[in-house]
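Asks: Take a look at this one; I'll ask things after.
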Amino acid sequence: MSTFSPYLNLLLRFVLSVLFVCASLLTFSQQKYTVSGYVRDSSNGESLTGATIYVKGSQRGVQANNYGFYALSLPAGKYTLVCSYLGFVEQEQEVMLSRDQSLNIALAPRAYQAQEVVITDKRKNKHVESTEMGRVEMSASDAKKLPSFLGEVDMLKTLQLMPGVQAAGEGNAGFYVRGGGPDQNLILLDEAPVYNTGHLFGFFSIFNADAIRNISLIKGGMPANYGGRLSSVVDVSMKEGNNQHLQGEGGIGLIASRLSLQGPLKKNKASFIVSGRRTYIDLVTKPFISKTSTYAGSGYYFYDLNMKMNYTFSDKDRVYLSGYFGRDVFTFKSGSRTFDASIPWGNTTATLRWNHVFSNKLFANTSVIYNDYRFSFWGVQNNFDIRLSSGISDVNGKLDFDYFASLRHHIKFGGNYIYHRFTPFSVSGKQDSTGFSPDNAFRKYAHEAALYISDDWEISPKLKLNAGVRYSGFQQIGPYTRYQRGNNGIKIDSAVYSGGQPVRSYGGFEPRAILRYGWNQRQSIKASVTRNYQFIHLVSNAGTTLPTDLWVPSTYKVRPQISWQYSLGYYHNFKDNMWETSVETYYKDMQHQIEYRQGYTPSISDPEDDFVFGKGWAYGAEFFINKTKGRFTGWIGYTLAWTWRKFPALNQGRKFPAKYDRRHDLVLVGNYQLTKRWTISSVFIYGSGNTTTLPEQFYMVEGSLVQEYGNINGYRMAPYHRLDLSAVYTPKPRPRRFQSSWAFSVYNVYSRMNPYFLYFDQTGGVLGNNLTIRARQVSLFPVLPSVTWNFKF
């Protein structure tokens, strides 16, 4: 415990400082009264995160927090409060403030004017007025309007259509943000970190759109309540469940089907949602594979299950319990039955949350979180059996406070603690009756903790500041053995650490600030600076995130990644906020980046023995035009960017472009409400080709062909471009409230054969003096049509 005494002292000073600030603000505002409560959807009781509550005739107001709670402090008097949320009918409420009072608000979903087929949502200018940079909000209904890959709506792929966000590869759900690697994105599902987001080796994400309420991406100024990653936050919130009546929805597609059920456990008090999805590639293909085929018995499928329930004890207390379980299962059985293999991998998460209102200004959320990611391989050949595994699991505790001090101050503070358990690599097996389980798990254990405080401060009607600071600490603990090696790599000494004994500690302050200046309600400029620490790392020998990639902690040898990011943006809305436009520029400096050493080949040694370390930097500009209202909606996004790496042990110490460096990235998205029954949409993507490392020369040495490689990532493949189209037909609703729709999609309409990777093909031979070596391109997906039947009841 003595090791953590600095953290405890810091925590005590932190809490006392926050209480002093809160008491001072409370004293200052004693002549004011507070109206507070929750904003929810009247049709199902769901919380409306980020709903706006303001005083009519002025721009004074607040936004509801992640659980729909708000608090508005005003001098005594009579006011008309206006509550608005995108897609819902704006509501006005008169209040007479002579004392503190509670006011819960239920907003009704806005209906479309079917006679004219004109969407009449009124979108507020949050884009211009908020102290947020690089934030993207998206609901599941938004994602379902766009073309889908093989009929599966994928919200992570929809985020790839935003400027500054780059797809990891053809059809892949992985992504890179502003020059950062895939591990530099913090992805949360109901606050639980998700370490592998892909199904089918990354071609689909684990997020079932039927179970998701909304998804937020922050790629600019990361608020102080988030930490542990350098590039971005993707915060995914599951639906809470309908507390008014039983409801179901689902869909049947070409490769997968899904079904969700939600309803009240106790009306207006408790609700649940259960959502499942499974592919049936294995079931469909099995009848067509002969029992004598080489692949008889082989197959692949994935499934996932989302569950959530909540109970409202009172206006002051509410409890949520949510979980996710998903698996990919690949099996191979050779025709001769001499070799069989099974490869399962997947995620498990569980989150228990308690919301408590301490006063009409102070809201708290306490969370206990468990998450686990595992990859396994089991293979048997004749009488030899082998098992491989890797993974990471966490136990996480969080405490977050929202303090609505006044109209000008919204203070957030809190902290969290995580216990990590890493299994980078483990192998065991047996032959006949002889078993072996060598000490090669290289398991590592660590503590991670953080404290933060931030204030969203309206200095004046034109000037706003969101400033905060976060302190993060990380400590690797035993059991662990640290080896000292000689020049030849042979172990010459060791230091042994017992269970719980500190091995190495890291930590530091992470200041965050966003300054916004708006000279009217339509235009503003914003500037931000953020510092981030990252203590856990994903090391990959491939261009995309695969289940075989390894998560490793900061250790005695591996230092935490650190970054500074600077952003500057201009925002302008036109025609009553029908058009949103923005330009954001950024520069990111990254230290202690990790790559495998040159010439690395996989082995059963500790992975960190093969790491090399260097630095990286990225800079660019993002342009965005978004039409939000009318029969035609959509956006144009363009990114101009550079991403560099420099490692003393790689590329002769010279800088080189990162494998996800992409100079130009253009996205065009359009949705058109053609009639009451038909909606059409399209997506066009263009991007500069990805970089790769290729051999430049070939030599014959003693009859063997030897390759000499050029600069790392010195070759750029052909540009990537693709057009997708979709149409959604919604028949007239049937009796008993049953609704359905047909979604028709065409992926890669003109069948562009985009490069996935390159290899060299050798024909002929040296002896025949006809040796020919040609570069070949591998492409994955030609034109792919799909159809999905969706239903709701």
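Chain identifiers are assigned as A, B, and so on, following the order in which chains appear in the structure tokens; residues are numbered from 1 within each chain, and ligands are numbered from 1 in order of appearance.
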If we count only C-alpha atoms and set the cut-off at 9 Å, which residues sit around range 671-685 of chain A, ignoring sequence neighbours fewer than 3 positions away in its own chain? Please answer as number ranges by chain.
Replies: A: 114-119, 145-147, 161, 630-634, 665-668, 720-732
Asks: Fewer than 5 positions away in the same chain doesn't count, so skip those; otherwise give me all residues within 8 Å of Ser494 in chain A, counting only C-alpha atoms, as a PyMOL selection string.
Replies: chain A and resi 481-484
Asks: For the residues in that selection, give me N, CA and C atoms as a PDB file, in the first residue's frame.
Replies:
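What follows is the written file out.pdb:
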ATOM      1  N   THR A 481       9.520 -11.670 -14.137  1.00  0.00           N
ATOM      2  CA  THR A 481      10.963 -11.879 -14.158  1.00  0.00           C
ATOM      3  C   THR A 481      11.566 -11.025 -15.255  1.00  0.00           C
ATOM      4  N   ARG A 482      12.473 -10.162 -14.844  1.00  0.00           N
ATOM      5  CA  ARG A 482      13.160  -9.292 -15.806  1.00  0.00           C
ATOM      6  C   ARG A 482      14.552  -9.841 -16.057  1.00  0.00           C
ATOM      7  N   TYR A 483      14.834 -10.082 -17.356  1.00  0.00           N
ATOM      8  CA  TYR A 483      16.111 -10.680 -17.729  1.00  0.00           C
ATOM      9  C   TYR A 483      17.063  -9.623 -18.272  1.00  0.00           C
ATOM     10  N   GLN A 484      18.324  -9.807 -17.951  1.00  0.00           N
ATOM     11  CA  GLN A 484      19.390  -9.004 -18.541  1.00  0.00           C
ATOM     12  C   GLN A 484      20.124  -9.872 -19.546  1.00  0.00           C
TER      13      GLN A 484
END
Asks: Run DSSP on the backbone and tell me which residues of range 379-612 of chain A come out as helix (DSSP H, G or I); list them as a VMD selection string.
Replies: chain A and resid 607 to 610
Asks: I want to know what sits within 9 Å of Gly689 in chain A, based on only C-alpha atoms, with residues of the same chain fewer than 5 positions away left out; could you give that as a list in words?
Replies: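 Counting only C-alpha atoms, the residues come to Asp661, Arg662, Arg663, His664, Arg716, Met717, Ala718, Pro719, Tyr720 and Pro755 of chain A.
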Asks: Applying 8 Å and only C-alpha atoms, which residues near Asp385 in chain A remain after dropping the ones on its own chain fewer than 2 positions away? List them as a count of residues only.
Replies: 9
Asks: Please indicate the distance in Å from CA of Arg776 in chain A to CA of Phe760 in chain A, rounded to one decimal place.
Replies: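 One can read the CA of Arg776 in chain A to CA of Phe760 in chain A distance as 5.8 Å.
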Asks: So that I can check the surroundings of range 131-136 of chain A, please list as a list of chain:residue names every protein, DNA and RNA residue that reaches within 8 Å of it, counting only C-alpha atoms and ignoring chain neighbours fewer than 6 positions away.
Replies: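 Near neighbours after the sequence-gap exclusion: A:Ser216, A:Leu217, A:Ile218, A:Lys219, A:Gly220, A:Gly221, A:Asp456, A:Lys464, A:Leu465, A:Asn466, A:Ile514, A:Leu515, A:Arg516, A:Lys526, A:Ser528, A:Gly569, A:Glu584.
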Asks: Take the residues that were just selected and, keeping N, CA and C atoms, output them as a PDB file, in the first residue's frame.
Replies:
ATOM      1  N   SER A 216     -20.758   8.226 -30.240  1.00  0.00           N
ATOM      2  CA  SER A 216     -20.087   9.521 -30.295  1.00  0.00           C
ATOM      3  C   SER A 216     -18.608   9.296 -30.588  1.00  0.00           C
ATOM      4  N   LEU A 217     -18.097  10.064 -31.521  1.00  0.00           N
ATOM      5  CA  LEU A 217     -16.672  10.040 -31.850  1.00  0.00           C
ATOM      6  C   LEU A 217     -16.077  11.391 -31.490  1.00  0.00           C
ATOM      7  N   ILE A 218     -14.993  11.392 -30.719  1.00  0.00           N
ATOM      8  CA  ILE A 218     -14.265  12.619 -30.388  1.00  0.00           C
ATOM      9  C   ILE A 218     -12.853  12.467 -30.919  1.00  0.00           C
ATOM     10  N   LYS A 219     -12.491  13.262 -31.916  1.00  0.00           N
ATOM     11  CA  LYS A 219     -11.183  13.151 -32.548  1.00  0.00           C
ATOM     12  C   LYS A 219     -10.362  14.420 -32.405  1.00  0.00           C
ATOM     13  N   GLY A 220     -10.923  15.433 -31.745  1.00  0.00           N
ATOM     14  CA  GLY A 220     -10.195  16.680 -31.553  1.00  0.00           C
ATOM     15  C   GLY A 220      -9.778  16.845 -30.113  1.00  0.00           C
ATOM     16  N   GLY A 221     -10.402  17.786 -29.412  1.00  0.00           N
ATOM     17  CA  GLY A 221     -10.072  18.028 -28.015  1.00  0.00           C
ATOM     18  C   GLY A 221     -10.761  17.022 -27.121  1.00  0.00           C
ATOM     19  N   ASP A 456     -16.702  23.511 -17.996  1.00  0.00           N
ATOM     20  CA  ASP A 456     -17.206  24.144 -19.218  1.00  0.00           C
ATOM     21  C   ASP A 456     -17.717  25.520 -18.807  1.00  0.00           C
ATOM     22  N   LYS A 464     -16.160  31.142 -24.688  1.00  0.00           N
ATOM     23  CA  LYS A 464     -16.353  29.986 -23.833  1.00  0.00           C
ATOM     24  C   LYS A 464     -15.038  29.216 -23.723  1.00  0.00           C
ATOM     25  N   LEU A 465     -14.848  28.577 -22.577  1.00  0.00           N
ATOM     26  CA  LEU A 465     -13.638  27.811 -22.330  1.00  0.00           C
ATOM     27  C   LEU A 465     -13.996  26.493 -21.659  1.00  0.00           C
ATOM     28  N   ASN A 466     -13.502  25.407 -22.229  1.00  0.00           N
ATOM     29  CA  ASN A 466     -13.586  24.104 -21.574  1.00  0.00           C
ATOM     30  C   ASN A 466     -12.165  23.709 -21.205  1.00  0.00           C
ATOM     31  N   ILE A 514     -10.062  23.795 -24.530  1.00  0.00           N
ATOM     32  CA  ILE A 514     -10.690  24.208 -25.787  1.00  0.00           C
ATOM     33  C   ILE A 514     -11.248  25.610 -25.580  1.00  0.00           C
ATOM     34  N   LEU A 515     -10.857  26.530 -26.427  1.00  0.00           N
ATOM     35  CA  LEU A 515     -11.335  27.915 -26.351  1.00  0.00           C
ATOM     36  C   LEU A 515     -12.186  28.196 -27.579  1.00  0.00           C
ATOM     37  N   ARG A 516     -13.390  28.721 -27.339  1.00  0.00           N
ATOM     38  CA  ARG A 516     -14.312  29.015 -28.436  1.00  0.00           C
ATOM     39  C   ARG A 516     -14.683  30.490 -28.416  1.00  0.00           C
ATOM     40  N   LYS A 526     -12.510  27.927 -32.944  1.00  0.00           N
ATOM     41  CA  LYS A 526     -12.158  27.161 -31.757  1.00  0.00           C
ATOM     42  C   LYS A 526     -10.701  26.734 -31.867  1.00  0.00           C
ATOM     43  N   SER A 528      -7.793  24.191 -29.610  1.00  0.00           N
ATOM     44  CA  SER A 528      -7.655  23.230 -28.517  1.00  0.00           C
ATOM     45  C   SER A 528      -6.222  22.726 -28.425  1.00  0.00           C
ATOM     46  N   GLY A 569      -9.995  25.471 -35.563  1.00  0.00           N
ATOM     47  CA  GLY A 569     -11.115  25.269 -36.467  1.00  0.00           C
ATOM     48  C   GLY A 569     -11.984  26.494 -36.640  1.00  0.00           C
ATOM     49  N   GLU A 584     -11.116  22.243 -39.972  1.00  0.00           N
ATOM     50  CA  GLU A 584     -10.293  21.995 -38.797  1.00  0.00           C
ATOM     51  C   GLU A 584      -8.884  21.609 -39.246  1.00  0.00           C
TER      52      GLU A 584
END
Asks: Just give me the gap between CA of Pro182 in chain A and CA of Tyr586 in chain A in Å, one decimal is fine.
Replies: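 Taking CA of Pro182 in chain A as the start and CA of Tyr586 in chain A as the end point, the length is 18.6 Å.
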Asks: Could you pull the residues within 9 Å of range 252-267 of chain A, counting only C-alpha atoms, minus those fewer than 2 positions along the same chain, as a PyMOL selection string?
Replies: chain A and resi 44+150-152+208+210-211+240-250+269-281+284+306+309-311+786-791
Asks: Restrict the selected residues to N, CA and C atoms and save them as a compact mmCIF listing (two decimals), in the first residue's frame.
Replies:
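Final output, out-v9.txt:
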# COMPACT_ATOMS: atom_id res chain seq x y z
N ASN A 44 -40.74 5.72 -25.15
CA ASN A 44 -40.12 4.52 -24.59
C ASN A 44 -39.36 4.74 -23.29
N LEU A 150 -22.92 -6.21 -47.51
CA LEU A 150 -23.61 -7.49 -47.42
C LEU A 150 -24.84 -7.41 -46.51
N GLY A 151 -25.47 -6.22 -46.48
CA GLY A 151 -26.71 -6.05 -45.76
C GLY A 151 -26.58 -5.84 -44.27
N GLU A 152 -25.34 -5.80 -43.74
CA GLU A 152 -25.13 -5.62 -42.30
C GLU A 152 -24.82 -4.16 -41.99
N ASN A 208 -24.09 -4.37 -32.92
CA ASN A 208 -25.38 -4.64 -33.56
C ASN A 208 -26.22 -3.37 -33.48
N ASP A 210 -29.23 -2.68 -33.91
CA ASP A 210 -30.53 -2.77 -33.24
C ASP A 210 -30.41 -2.57 -31.73
N ALA A 211 -29.22 -2.82 -31.18
CA ALA A 211 -29.04 -2.70 -29.73
C ALA A 211 -28.42 -1.37 -29.33
N GLU A 240 -31.70 1.50 -23.62
CA GLU A 240 -32.05 1.19 -22.23
C GLU A 240 -33.23 0.24 -22.12
N GLY A 241 -34.02 0.13 -23.17
CA GLY A 241 -35.21 -0.71 -23.12
C GLY A 241 -36.46 0.13 -22.97
N ASN A 242 -37.50 -0.26 -23.64
CA ASN A 242 -38.77 0.46 -23.63
C ASN A 242 -39.52 0.19 -22.32
N ASN A 243 -39.77 1.25 -21.54
CA ASN A 243 -40.48 1.04 -20.26
C ASN A 243 -41.97 1.31 -20.37
N GLN A 244 -42.48 1.42 -21.61
CA GLN A 244 -43.91 1.66 -21.83
C GLN A 244 -44.63 0.43 -22.35
N HIS A 245 -44.06 -0.27 -23.32
CA HIS A 245 -44.73 -1.44 -23.88
C HIS A 245 -43.69 -2.36 -24.53
N LEU A 246 -44.09 -3.60 -24.77
CA LEU A 246 -43.22 -4.59 -25.39
C LEU A 246 -42.99 -4.23 -26.85
N GLN A 247 -41.76 -4.35 -27.29
CA GLN A 247 -41.40 -3.97 -28.66
C GLN A 247 -40.34 -4.94 -29.18
N GLY A 248 -40.43 -5.27 -30.43
CA GLY A 248 -39.44 -6.13 -31.06
C GLY A 248 -39.03 -5.61 -32.41
N GLU A 249 -37.81 -5.94 -32.83
CA GLU A 249 -37.35 -5.59 -34.16
C GLU A 249 -36.24 -6.55 -34.54
N GLY A 250 -36.00 -6.63 -35.84
CA GLY A 250 -34.97 -7.54 -36.32
C GLY A 250 -34.84 -7.45 -37.82
N LYS A 269 -40.89 2.23 -14.53
CA LYS A 269 -39.89 2.06 -13.47
C LYS A 269 -38.70 1.21 -13.91
N ALA A 270 -38.95 0.16 -14.66
CA ALA A 270 -37.88 -0.77 -15.02
C ALA A 270 -38.12 -1.31 -16.42
N SER A 271 -37.04 -1.56 -17.14
CA SER A 271 -37.16 -2.06 -18.51
C SER A 271 -35.96 -2.94 -18.84
N PHE A 272 -36.04 -3.64 -19.98
CA PHE A 272 -34.97 -4.52 -20.41
C PHE A 272 -34.87 -4.48 -21.93
N ILE A 273 -33.72 -4.93 -22.44
CA ILE A 273 -33.55 -5.17 -23.86
C ILE A 273 -32.61 -6.35 -24.02
N VAL A 274 -32.94 -7.24 -24.94
CA VAL A 274 -32.10 -8.38 -25.31
C VAL A 274 -32.00 -8.38 -26.82
N SER A 275 -30.77 -8.42 -27.34
CA SER A 275 -30.58 -8.35 -28.78
C SER A 275 -29.53 -9.37 -29.20
N GLY A 276 -29.86 -10.21 -30.15
CA GLY A 276 -28.95 -11.24 -30.63
C GLY A 276 -28.78 -11.21 -32.14
N ARG A 277 -27.63 -11.70 -32.58
CA ARG A 277 -27.32 -11.74 -34.01
C ARG A 277 -26.43 -12.95 -34.28
N ARG A 278 -26.66 -13.61 -35.42
CA ARG A 278 -25.82 -14.75 -35.80
C ARG A 278 -25.73 -14.85 -37.31
N THR A 279 -24.55 -15.19 -37.78
CA THR A 279 -24.40 -15.51 -39.20
C THR A 279 -24.76 -16.97 -39.41
N TYR A 280 -25.08 -17.30 -40.65
CA TYR A 280 -25.39 -18.69 -40.95
C TYR A 280 -24.69 -19.14 -42.23
N ILE A 281 -23.49 -18.61 -42.44
CA ILE A 281 -22.70 -19.06 -43.58
C ILE A 281 -22.45 -20.55 -43.47
N VAL A 284 -25.73 -22.56 -44.24
CA VAL A 284 -26.16 -22.49 -45.64
C VAL A 284 -25.26 -23.34 -46.54
N ASN A 306 -26.39 -8.84 -26.84
CA ASN A 306 -26.42 -7.64 -26.00
C ASN A 306 -27.59 -7.74 -25.04
N MET A 309 -30.65 -4.03 -18.59
CA MET A 309 -31.86 -3.78 -17.81
C MET A 309 -31.57 -2.61 -16.87
N ASN A 310 -32.62 -1.91 -16.46
CA ASN A 310 -32.47 -0.80 -15.54
C ASN A 310 -33.69 -0.70 -14.63
N TYR A 311 -33.46 -0.11 -13.47
CA TYR A 311 -34.56 0.06 -12.52
C TYR A 311 -34.45 1.45 -11.89
N SER A 786 -26.98 -6.93 -52.21
CA SER A 786 -27.55 -7.58 -51.02
C SER A 786 -28.96 -7.06 -50.79
N VAL A 787 -29.72 -7.85 -50.05
CA VAL A 787 -31.07 -7.44 -49.69
C VAL A 787 -31.33 -7.90 -48.26
N THR A 788 -31.98 -7.06 -47.49
CA THR A 788 -32.31 -7.37 -46.10
C THR A 788 -33.75 -6.98 -45.82
N TRP A 789 -34.47 -7.86 -45.15
CA TRP A 789 -35.84 -7.56 -44.72
C TRP A 789 -35.79 -7.21 -43.24
N ASN A 790 -36.17 -5.98 -42.91
CA ASN A 790 -36.19 -5.51 -41.53
C ASN A 790 -37.65 -5.41 -41.06
N PHE A 791 -37.86 -5.68 -39.79
CA PHE A 791 -39.23 -5.63 -39.25
C PHE A 791 -39.21 -5.07 -37.85
Asks: Using only C-alpha atoms, pick whichever of A:Val395, A:Leu48, A:Gly616, A:Gly508 has the shortest atom-to-atom distance to Phe88 in chain A.
Replies: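 Residue with the minimum atom-to-atom distance to Phe88 in chain A: A:Leu48.
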Asks: Please identify which residues in range 280-419 of chain A DSSP calls strand (DSSP E or B) from the backbone, and express them as number ranges by chain.
Replies: A: 299-312, 317-333, 339-357, 362-381, 384-406, 409-419
Asks: Considering only C-alpha atoms, return as a ChimeraX atom specification whatever protein or nucleic-acid residues lie within 10 Å of range 229-231 of chain A, sequence-local ones (same chain, fewer than 2 positions apart) excluded.
Replies: /A:176-187,218-222,226-227,233,530-537,561-565,588-590
